[in-house]
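Asker: For reference, this is structure07.txt, and it has compact mmCIF, C-alpha atoms.
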# COMPACT_ATOMS: atom_id res chain seq x y z
CA MET A 1 -50.22 65.25 9.82
CA VAL A 2 -49.60 68.16 7.48
CA ILE A 3 -47.71 70.25 10.04
CA GLU A 4 -45.08 67.49 10.57
CA ARG A 5 -44.57 67.17 6.84
CA ILE A 6 -44.17 70.93 6.45
CA LEU A 7 -41.55 70.94 9.25
CA ILE A 8 -39.68 68.06 7.59
CA PHE A 9 -39.86 69.92 4.28
CA LEU A 10 -38.42 73.03 5.94
CA LEU A 11 -35.58 70.88 7.36
CA ALA A 12 -34.90 69.54 3.86
CA LEU A 13 -34.98 73.07 2.47
CA VAL A 14 -32.45 74.24 5.09
CA GLY A 15 -30.17 71.36 4.11
CA PHE A 16 -30.56 72.08 0.39
CA SER A 17 -29.92 75.80 0.86
CA ALA A 18 -26.74 74.94 2.79
CA ILE A 19 -25.58 72.73 -0.10
CA VAL A 20 -26.34 75.40 -2.71
CA GLY A 21 -25.68 78.61 -0.82
CA ALA A 22 -22.93 78.00 1.75
CA LYS A 23 -19.37 78.77 0.69
CA ASN A 24 -17.72 76.57 3.31
CA ILE A 25 -17.16 72.91 2.43
CA ILE A 26 -17.88 71.70 5.97
CA LYS A 27 -21.22 73.57 5.92
CA LYS A 28 -22.04 71.90 2.60
CA VAL A 29 -21.40 68.47 4.15
CA PHE A 30 -23.62 69.42 7.09
CA GLY A 31 -26.33 70.42 4.62
CA LEU A 32 -26.05 67.02 2.95
CA ASN A 33 -26.53 65.40 6.37
CA LEU A 34 -29.57 67.57 7.11
CA LEU A 35 -31.14 66.63 3.78
CA ASN A 36 -30.47 62.94 4.53
CA SER A 37 -32.08 63.26 7.98
CA ALA A 38 -35.13 65.00 6.52
CA ILE A 39 -35.67 62.19 4.00
CA VAL A 40 -35.28 59.55 6.75
CA LEU A 41 -37.78 61.38 8.96
CA LEU A 42 -40.25 61.68 6.06
CA TYR A 43 -40.13 57.92 5.40
CA ILE A 44 -40.50 57.03 9.09
CA LEU A 45 -43.44 59.45 9.42
CA GLU A 46 -45.20 58.09 6.33
CA GLY A 47 -44.71 54.50 7.50
CA SER A 48 -46.12 55.31 10.93
CA ARG A 49 -49.42 56.56 9.50
CA ILE A 50 -51.05 53.11 9.51
CA GLY A 51 -50.24 52.01 13.05
CA GLU A 52 -49.38 53.03 16.56
CA GLN A 53 -46.98 50.51 18.11
CA ALA A 54 -43.36 49.69 17.33
CA PRO A 55 -42.91 46.73 14.94
CA ILE A 56 -41.73 44.34 17.65
CA LEU A 57 -44.11 41.42 17.85
CA GLY A 58 -44.44 40.92 21.60
CA GLU A 59 -47.46 40.00 23.68
CA GLY A 60 -50.52 42.13 22.97
CA VAL A 61 -48.93 44.07 20.12
CA THR A 62 -51.58 44.44 17.47
CA ASN A 63 -51.52 47.75 15.61
CA ILE A 64 -47.90 47.96 14.43
CA VAL A 65 -46.44 50.57 12.08
CA ASP A 66 -45.06 49.56 8.68
CA PRO A 67 -41.54 48.11 9.25
CA VAL A 68 -40.54 48.23 5.56
CA PRO A 69 -39.63 51.98 5.46
CA GLN A 70 -37.70 51.57 8.72
CA ALA A 71 -35.61 48.76 7.22
CA LEU A 72 -35.10 50.86 4.07
CA MET A 73 -33.95 53.86 6.08
CA LEU A 74 -31.36 51.67 7.84
CA THR A 75 -29.65 51.44 4.44
CA ALA A 76 -30.05 55.18 3.87
CA ILE A 77 -28.40 56.02 7.20
CA VAL A 78 -25.42 53.74 6.47
CA ILE A 79 -24.99 55.26 2.99
CA GLY A 80 -25.24 58.73 4.57
CA VAL A 81 -22.41 57.88 6.96
CA CYS A 82 -20.30 56.62 4.03
CA VAL A 83 -20.95 59.75 1.95
CA THR A 84 -20.16 62.03 4.91
CA ALA A 85 -16.91 60.22 5.65
CA LEU A 86 -15.72 60.41 2.04
CA ALA A 87 -16.71 64.09 1.72
CA LEU A 88 -14.93 65.01 4.95
CA ALA A 89 -11.81 63.11 3.87
CA LEU A 90 -11.81 65.04 0.58
CA ALA A 91 -12.29 68.30 2.55
CA VAL A 92 -9.26 67.45 4.72
CA ARG A 93 -7.27 66.77 1.55
CA LEU A 94 -8.34 70.10 -0.02
CA TYR A 95 -7.46 71.94 3.17
CA LYS A 96 -3.99 70.40 3.22
CA ALA A 97 -3.47 71.27 -0.45
CA THR A 98 -4.76 74.87 -0.45
CA GLY A 99 -4.94 75.95 3.19
CA SER A 100 -8.58 76.98 3.06
CA LEU A 101 -12.11 75.55 3.29
CA GLU A 102 -13.89 78.39 1.42
CA ILE A 103 -14.62 77.35 -2.16
CA ASP A 104 -13.84 80.82 -3.60
CA THR A 105 -10.41 80.92 -1.95
CA ILE A 106 -9.72 77.32 -2.99
CA SER A 107 -10.58 78.01 -6.62
CA ALA A 108 -8.55 81.29 -6.64
CA ARG A 109 -5.49 79.54 -5.17
CA LEU A 110 -5.77 76.59 -7.54
CA HIS A 111 -5.98 78.97 -10.53
CA SER A 112 -3.03 81.05 -9.36
CA GLU A 113 -0.88 77.92 -9.05
CA GLN A 114 -1.39 76.90 -12.66
CA MET B 115 -23.45 93.01 -7.54
CA LYS B 116 -21.95 89.54 -7.73
CA ARG B 117 -23.20 88.84 -4.20
CA THR B 118 -26.83 89.80 -4.97
CA TRP B 119 -26.74 87.74 -8.16
CA PHE B 120 -25.57 84.72 -6.11
CA ILE B 121 -28.33 85.18 -3.52
CA PHE B 122 -30.90 85.54 -6.31
CA LYS B 123 -29.70 82.26 -7.86
CA VAL B 124 -29.93 80.44 -4.51
CA ILE B 125 -33.47 81.71 -3.90
CA PHE B 126 -34.50 80.71 -7.44
CA ILE B 127 -33.14 77.16 -6.97
CA LEU B 128 -34.93 76.84 -3.62
CA LEU B 129 -38.20 77.97 -5.20
CA VAL B 130 -37.84 75.35 -7.94
CA VAL B 131 -37.15 72.66 -5.33
CA THR B 132 -40.19 73.82 -3.34
CA LEU B 133 -42.43 73.56 -6.40
CA ALA B 134 -41.05 70.10 -7.18
CA MET B 135 -41.48 68.78 -3.64
CA LEU B 136 -44.84 70.32 -2.73
CA PRO B 137 -46.91 67.47 -4.27
CA VAL B 138 -44.93 64.97 -2.19
CA ILE B 139 -45.46 66.98 0.99
CA LEU B 140 -49.15 67.70 0.50
CA SER B 141 -50.26 64.34 -0.90
CA SER B 142 -52.91 62.53 1.11
CA HIS B 143 -52.54 59.18 -0.64
CA PRO B 144 -53.18 56.37 1.87
CA TRP B 145 -50.15 54.30 2.85
CA PRO B 146 -50.51 50.65 1.68
CA VAL B 147 -51.10 48.16 4.47
CA ALA B 148 -50.45 44.92 2.53
CA SER B 149 -46.79 44.52 3.46
CA ARG B 150 -47.44 45.44 7.09
CA ASP B 151 -50.22 42.85 7.37
CA TYR B 152 -48.11 40.14 5.67
CA LEU B 153 -45.16 40.79 7.99
CA TYR B 154 -47.43 40.87 11.05
CA GLU B 155 -48.80 37.44 10.13
CA ASN B 156 -45.68 35.67 8.87
CA ALA B 157 -42.44 37.40 10.00
CA LEU B 158 -42.17 35.55 13.32
CA SER B 159 -42.72 32.11 11.82
CA ASP B 160 -40.55 32.80 8.75
CA THR B 161 -37.42 34.09 10.44
CA GLY B 162 -37.92 33.64 14.19
CA ALA B 163 -37.08 37.25 15.01
CA VAL B 164 -39.53 39.21 17.17
CA ASN B 165 -38.16 42.51 15.84
CA THR B 166 -39.74 42.80 12.40
CA VAL B 167 -37.11 45.26 11.13
CA SER B 168 -34.42 42.65 11.95
CA SER B 169 -36.39 39.95 10.18
CA ILE B 170 -36.55 42.16 7.07
CA TYR B 171 -32.93 43.22 6.80
CA LEU B 172 -31.41 39.92 7.89
CA GLY B 173 -34.08 37.56 6.62
CA TYR B 174 -36.17 38.71 3.70
CA ARG B 175 -33.62 41.02 2.06
CA ALA B 176 -30.30 39.92 3.56
CA MET B 177 -28.74 40.20 0.10
CA ASP B 178 -29.23 43.96 0.30
CA THR B 179 -27.50 44.00 3.68
CA LEU B 180 -24.49 42.35 2.04
CA GLY B 181 -24.50 45.16 -0.54
CA GLU B 182 -24.76 47.68 2.28
CA THR B 183 -21.69 46.29 4.05
CA LEU B 184 -19.89 46.29 0.68
CA VAL B 185 -20.70 49.99 0.25
CA LEU B 186 -19.35 50.63 3.75
CA LEU B 187 -16.20 48.64 2.93
CA VAL B 188 -15.60 50.60 -0.30
CA SER B 189 -16.20 53.91 1.50
CA ILE B 190 -13.73 53.00 4.28
CA THR B 191 -11.17 51.94 1.67
CA GLY B 192 -11.58 55.24 -0.20
CA THR B 193 -11.39 57.34 2.96
CA MET B 194 -8.29 55.54 4.20
CA GLY B 195 -6.73 55.84 0.74
CA ILE B 196 -7.32 59.60 0.77
CA LEU B 197 -6.16 60.08 4.35
CA ILE B 198 -3.26 57.66 4.62
CA ASN B 199 -0.61 59.75 2.88
CA LEU B 200 -1.59 62.91 4.72
CA GLY B 201 0.66 62.43 7.75
CA ARG B 202 3.74 61.87 5.63
CA GLU B 203 3.19 64.88 3.38
CA SER B 204 2.77 67.56 6.03
CA GLU B 205 5.06 67.74 9.04
CA GLU B 206 3.64 70.93 10.60
CA GLU B 207 2.17 70.76 14.10
CA GLU B 208 -1.46 71.57 14.65
CA ALA B 209 -3.15 72.73 17.85
CA VAL B 210 -6.49 70.98 18.30
CA SER B 211 -8.02 70.23 21.66
CA PHE B 212 -9.77 66.97 20.79
CA SER B 213 -6.95 64.70 19.83
CA LEU B 214 -5.31 61.37 20.50
CA ALA B 215 -2.56 60.81 23.07
CA PRO B 216 0.89 61.88 21.82
CA GLU B 217 2.35 58.41 21.34
CA LYS B 218 -0.61 57.32 19.22
CA ARG B 219 -0.41 59.90 16.45
CA ALA B 220 2.07 61.26 13.97
CA THR B 221 1.78 65.00 14.69
CA ASN B 222 1.82 66.81 17.99
CA ALA B 223 -1.38 68.31 19.39
CA GLN B 224 -2.84 69.60 22.64
CA ARG B 225 -5.04 67.54 24.92
CA THR B 226 -7.37 68.50 27.74
CA HIS B 227 -7.61 66.70 31.09
CA LEU B 228 -11.40 66.84 30.96
CA LEU B 229 -11.38 64.73 27.83
CA GLU B 230 -9.09 62.11 29.37
CA VAL B 231 -11.12 61.81 32.59
CA VAL B 232 -14.55 61.61 30.95
CA ALA B 233 -13.73 59.53 27.87
CA SER B 234 -11.68 56.84 29.63
CA LYS B 235 -14.39 56.28 32.27
CA LEU B 236 -17.23 56.32 29.74
CA GLY B 237 -15.55 54.02 27.21
CA PRO B 238 -16.07 50.56 28.83
CA VAL B 239 -19.71 51.32 29.73
CA VAL B 240 -20.51 52.40 26.18
CA LEU B 241 -18.70 49.30 24.87
CA LEU B 242 -20.90 47.04 27.03
CA PHE B 243 -24.05 48.87 25.90
CA GLY B 244 -22.99 48.51 22.26
CA PHE B 245 -22.62 44.74 22.61
CA TYR B 246 -26.00 44.62 24.40
CA VAL B 247 -27.70 46.44 21.52
CA MET B 248 -25.91 44.18 19.03
CA LEU B 249 -26.78 40.87 20.75
CA TYR B 250 -30.41 41.70 21.55
CA GLY B 251 -31.23 43.13 18.12
CA HIS B 252 -33.70 40.33 17.34
CA ILE B 253 -36.04 40.96 20.29
CA SER B 254 -35.62 44.69 20.99
CA PRO B 255 -34.89 47.88 19.03
CA GLY B 256 -31.35 47.60 17.75
CA GLY B 257 -29.27 45.28 15.66
CA GLY B 258 -25.90 44.91 14.02
CA PHE B 259 -25.57 48.35 12.46
CA GLN B 260 -26.82 50.28 15.49
CA GLY B 261 -24.77 48.24 17.99
CA GLY B 262 -21.75 48.49 15.71
CA VAL B 263 -21.90 52.28 15.67
CA ILE B 264 -22.13 52.35 19.50
CA VAL B 265 -19.13 49.98 19.71
CA ALA B 266 -17.25 52.30 17.34
CA SER B 267 -17.96 55.32 19.53
CA ALA B 268 -16.78 53.32 22.58
CA ILE B 269 -13.51 52.50 20.80
CA VAL B 270 -13.14 56.20 19.91
CA PHE B 271 -13.71 57.09 23.59
CA LEU B 272 -11.05 54.58 24.64
CA ALA B 273 -8.63 55.88 22.00
CA LEU B 274 -9.17 59.46 23.17
CA GLY B 275 -9.11 58.78 26.88
CA THR B 276 -6.27 56.39 27.55
CA GLU B 277 -2.60 57.29 27.25
CA THR B 278 -1.32 53.77 26.71
CA GLN B 279 -1.41 51.77 23.50
CA SER B 280 -3.90 48.95 23.66
CA LYS B 281 -4.93 46.27 21.20
CA LEU B 282 -8.48 47.67 21.09
CA THR B 283 -7.42 51.02 19.65
CA ASN B 284 -4.73 49.68 17.32
CA THR B 285 -5.82 50.30 13.73
CA THR B 286 -3.98 47.23 12.44
CA VAL B 287 -5.82 44.90 14.84
CA LEU B 288 -9.16 46.62 14.15
CA GLY B 289 -8.59 46.34 10.40
CA ARG B 290 -7.87 42.62 10.75
CA ILE B 291 -11.09 42.11 12.75
CA GLU B 292 -12.97 43.97 10.00
CA THR B 293 -11.58 41.82 7.18
CA LEU B 294 -12.09 38.62 9.16
CA SER B 295 -15.73 39.47 9.97
CA PHE B 296 -16.40 40.24 6.30
CA LEU B 297 -14.92 36.86 5.33
CA VAL B 298 -17.08 35.13 7.96
CA LEU B 299 -20.12 37.01 6.61
CA ILE B 300 -19.48 35.64 3.11
CA ILE B 301 -18.98 32.10 4.48
CA VAL B 302 -22.17 32.28 6.58
CA ALA B 303 -24.08 33.68 3.60
CA THR B 304 -23.01 30.79 1.34
CA SER B 305 -23.68 28.17 4.05
CA GLY B 306 -27.38 28.19 3.20
CA VAL B 307 -26.57 26.87 -0.30
CA PHE B 308 -25.41 23.50 1.10
CA PHE B 309 -28.67 23.06 3.03
CA GLU B 310 -30.84 23.77 -0.04
CA ARG B 311 -31.91 27.17 1.28
CA GLY B 312 -30.21 29.34 -1.32
CA PHE B 313 -27.75 32.22 -0.89
CA PHE B 314 -28.30 33.89 2.49
CA GLY B 315 -30.87 31.22 3.31
CA ASN B 316 -31.24 30.18 6.92
CA PRO B 317 -29.53 26.75 7.23
CA ILE B 318 -31.15 25.93 10.59
CA LYS B 319 -34.66 26.95 9.67
CA SER B 320 -36.19 23.52 10.37
CA GLY B 321 -35.71 23.76 14.12
CA SER B 322 -38.25 26.43 14.94
CA SER B 323 -36.66 27.48 18.25
CA LEU B 324 -33.15 27.58 16.78
CA SER B 325 -33.84 29.54 13.60
CA VAL B 326 -33.37 32.92 15.29
CA ASN B 327 -29.74 32.00 16.04
CA PHE B 328 -28.87 32.67 12.40
CA ILE B 329 -30.06 36.27 12.80
CA ILE B 330 -28.12 36.65 16.07
CA LEU B 331 -24.98 35.36 14.31
CA LEU B 332 -25.45 37.78 11.40
CA ASN B 333 -26.06 40.64 13.86
CA ILE B 334 -22.79 39.88 15.70
CA ILE B 335 -20.78 39.67 12.46
CA ILE B 336 -22.27 42.87 10.99
CA GLY B 337 -21.85 44.67 14.32
CA LEU B 338 -18.15 43.74 14.52
CA LYS B 339 -17.68 44.75 10.88
CA VAL B 340 -19.41 48.13 11.20
CA GLY B 341 -17.91 48.92 14.61
CA THR B 342 -14.31 48.21 13.69
CA SER B 343 -14.49 49.91 10.29
CA ILE B 344 -16.01 53.14 11.63
CA ALA B 345 -13.56 53.10 14.55
CA VAL B 346 -10.63 52.71 12.13
CA MET B 347 -11.93 55.61 10.07
CA CYS B 348 -12.42 57.89 13.12
CA ILE B 349 -8.95 57.09 14.51
CA ALA B 350 -7.42 57.79 11.10
CA MET B 351 -9.30 61.12 10.87
CA MET B 352 -8.03 62.11 14.33
CA GLY B 353 -4.50 61.59 13.12
CA GLY B 354 -3.84 58.13 14.49
CA ARG B 355 -0.87 56.12 13.30
CA HIS B 356 -1.60 53.62 10.59
CA GLY B 357 0.25 51.21 8.41
CA HIS B 358 2.23 49.45 11.13
Here is the file; what I need is its structure written in the form of structure tokens.

Answerer:
Amino acid sequence: MVIERILIFLLALVGFSAIVGAKNIIKKVFGLNLLNSAIVLLYILEGSRIGEQAPILGEGVTNIVDPVPQALMLTAIVIGVCVTALALALAVRLYKATGSLEIDTISARLHSEQ
Amino acid sequence: MKRTWFIFKVIFILLVVTLAMLPVILSSHPWPVASRDYLYENALSDTGAVNTVSSIYLGYRAMDTLGETLVLLVSITGTMGILINLGRESEEEEAVSFSLAPEKRATNAQRTHLLEVVASKLGPVVLLFGFYVMLYGHISPGGGFQGGVIVASAIVFLALGTETQSKLTNTTVLGRIETLSFLVLIIVATSGVFFERGFFGNPIKSGSSLSVNFIILLNIIIGLKVGTSIAVMCIAMMGGRHGH
């Protein structure tokens, strides 16, 4: 159980390092998505610790996993899509205004225009 | 010098995050089983849905689902507000290979034959699968949000693949379907009040075999809402015409 959590933590760390370290706006948005996926995976993994079968109450289904984190993560995925869409729209707008997606170039061009 | 300082800062921030998250990762606290046991006993008789995840997000906490669709609506509105003036401001032509057919967008762009052949054949099949996932969300993995996203990708396939204008890929028609389904969602949500069930209460709960129909109805409405809104957003991002 620990090895899965360490892998998920590494995925989250990759996403966070992309948000902090990458200079490209698109890479930052990708990092945000990776972080979101890591959190979703962590919740699903933690909820599946107490059972084995999918939470669909058919015939002979006894040992189900916890459905509450799955329903919570449905919300998280939708919010992630919304955040990604807004961030990408803002990136398109910045690209049209300054002609670049690198944050250093964008800030230099915005300062030179003033 | 500036570069090494930047890398040092990034590594320092990552170390701080690692120290903050390590207790979460390494904790061996047992996961509580109370909610799982309650749902296993009562979810089927309370809401009628075999899929417990469906019975949570459309039965027990349907109010939160309304908030979720509101967040989606606000995000679509913001994205369209940011993107909608873009075509009028810049007139330059861009060369991108994944793009809409010429008569559907404001600026000129290249298209590949591979895209047309694959996307137009795949579109109807994906559309059917999306409606399957949407309609059978109460007894199998799936539901309104998941089916809606598949429907949206089918509409994007159809918009990419076909040369002709059709009602299904027209952003005005899709936007009207979105607004109408949100209105129907509000009406359906308030309908429980008149049957003494409360806001988002199931008005046909008394008939035990019929009570799941409320969840199917909510799944269809949310699927249409999510599918059309994400399709509108994707078509707008690919440079589709809007506003007429």

Asker: Counting only C-alpha atoms, collect the residues of chain B whose closest atom lies at most 8 Å from chain A, and write them out as a ChimeraX atom specification.

Answerer: /B:121,124,128,132,139-140,145,147,149-150,154,158,164-168,170-171,179,182,185-186,189-190,192-193,196-197,200,204,253-255,351

Asker: To one decimal place in Å, what is the distance between CA of Leu274 (chain B) and CA of Tyr250 (chain B)?

Answerer: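 Separating CA of Leu274 (chain B) from CA of Tyr250 (chain B) is a distance of 27.7 Å.
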
Asker: In Å to one decimal, how far is CA of Gly256 (chain B) from CA of Phe271 (chain B)?

Answerer: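 Interatomic distance, CA of Phe271 (chain B) to CA of Gly256 (chain B): 20.9 Å.
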
Asker: Report as AutoDock Vina command-line options the centre and the edge lengths, in Å to one decimal, of the axis-aligned box holding every listed atom of region 75-79 of chain A, padded by 3 Å on each side.

Answerer:
--center_x -27.5 --center_y 53.7 --center_z 5.1 --size_x 11.1 --size_y 10.6 --size_z 10.2

Asker: Between CA of Ser107 (chain A) and CA of Ile349 (chain B), what is the distance in Å, rounded to a tenth?

Answerer: 29.8 Å

Asker: For Gly315 (chain B), work out the shell of residues within 12 Å, counting all atoms listed in the file and skipping chain neighbours fewer than 5 positions away, then give it as a list in words.

Answerer: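 Here the qualifying residues turn out to be Asp160, Thr161, Leu172, Gly173, Tyr174, Arg175, Ala176, Met177, Ile301, Val302, Ala303, Thr304, Ser305, Gly306, Val307, Phe308, Phe309, Glu310, Ser320, Ser325, Phe328, Ile329 and Leu332 of chain B.
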
Asker: Save out the residues we just selected, C-alpha atoms, as a PDB file, in the frame of the given file.

Answerer:
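To be explicit, this is the file written out as out_3.pdb:
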ATOM      1  CA  ASP B 160     -40.550  32.800   8.750  1.00  0.00           C
ATOM      2  CA  THR B 161     -37.420  34.090  10.440  1.00  0.00           C
ATOM      3  CA  LEU B 172     -31.410  39.920   7.890  1.00  0.00           C
ATOM      4  CA  GLY B 173     -34.080  37.560   6.620  1.00  0.00           C
ATOM      5  CA  TYR B 174     -36.170  38.710   3.700  1.00  0.00           C
ATOM      6  CA  ARG B 175     -33.620  41.020   2.060  1.00  0.00           C
ATOM      7  CA  ALA B 176     -30.300  39.920   3.560  1.00  0.00           C
ATOM      8  CA  MET B 177     -28.740  40.200   0.100  1.00  0.00           C
ATOM      9  CA  ILE B 301     -18.980  32.100   4.480  1.00  0.00           C
ATOM     10  CA  VAL B 302     -22.170  32.280   6.580  1.00  0.00           C
ATOM     11  CA  ALA B 303     -24.080  33.680   3.600  1.00  0.00           C
ATOM     12  CA  THR B 304     -23.010  30.790   1.340  1.00  0.00           C
ATOM     13  CA  SER B 305     -23.680  28.170   4.050  1.00  0.00           C
ATOM     14  CA  GLY B 306     -27.380  28.190   3.200  1.00  0.00           C
ATOM     15  CA  VAL B 307     -26.570  26.870  -0.300  1.00  0.00           C
ATOM     16  CA  PHE B 308     -25.410  23.500   1.100  1.00  0.00           C
ATOM     17  CA  PHE B 309     -28.670  23.060   3.030  1.00  0.00           C
ATOM     18  CA  GLU B 310     -30.840  23.770  -0.040  1.00  0.00           C
ATOM     19  CA  SER B 320     -36.190  23.520  10.370  1.00  0.00           C
ATOM     20  CA  SER B 325     -33.840  29.540  13.600  1.00  0.00           C
ATOM     21  CA  PHE B 328     -28.870  32.670  12.400  1.00  0.00           C
ATOM     22  CA  ILE B 329     -30.060  36.270  12.800  1.00  0.00           C
ATOM     23  CA  LEU B 332     -25.450  37.780  11.400  1.00  0.00           C
TER      24      LEU B 332
END

Asker: Scan for residues within 9 Å of the point (-22.8, 52.1, 15.6) in the coordinates of the file, using only C-alpha atoms, and reply as a VMD selection string.

Answerer: chain B and resid 244 258 to 267 337 340 to 341 344

Asker: Residues at most 8 Å from Thr98 (chain A), counting only C-alpha atoms, excluding those fewer than 3 positions away in the same chain, as a list of chain:residue names?

Answerer: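 My reading of the contact set: A:Leu94, A:Tyr95, A:Ile106, A:Arg109, A:Leu110.
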
Asker: Of the residues B:Phe314, B:Val326, B:Leu331, B:Pro238, which is the one nearest to Asp178 (chain B), using only C-alpha atoms?

Answerer: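 Selected residue with least distance to Asp178 (chain B): B:Phe314.
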
Asker: Select, from A:Met73, A:Gly99, A:Leu11, A:Gln53, the residue with the minimum atom-to-atom distance to Leu32 (chain A), counting only C-alpha atoms.

Answerer: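 Under the stated criterion, the closest residue is A:Leu11.
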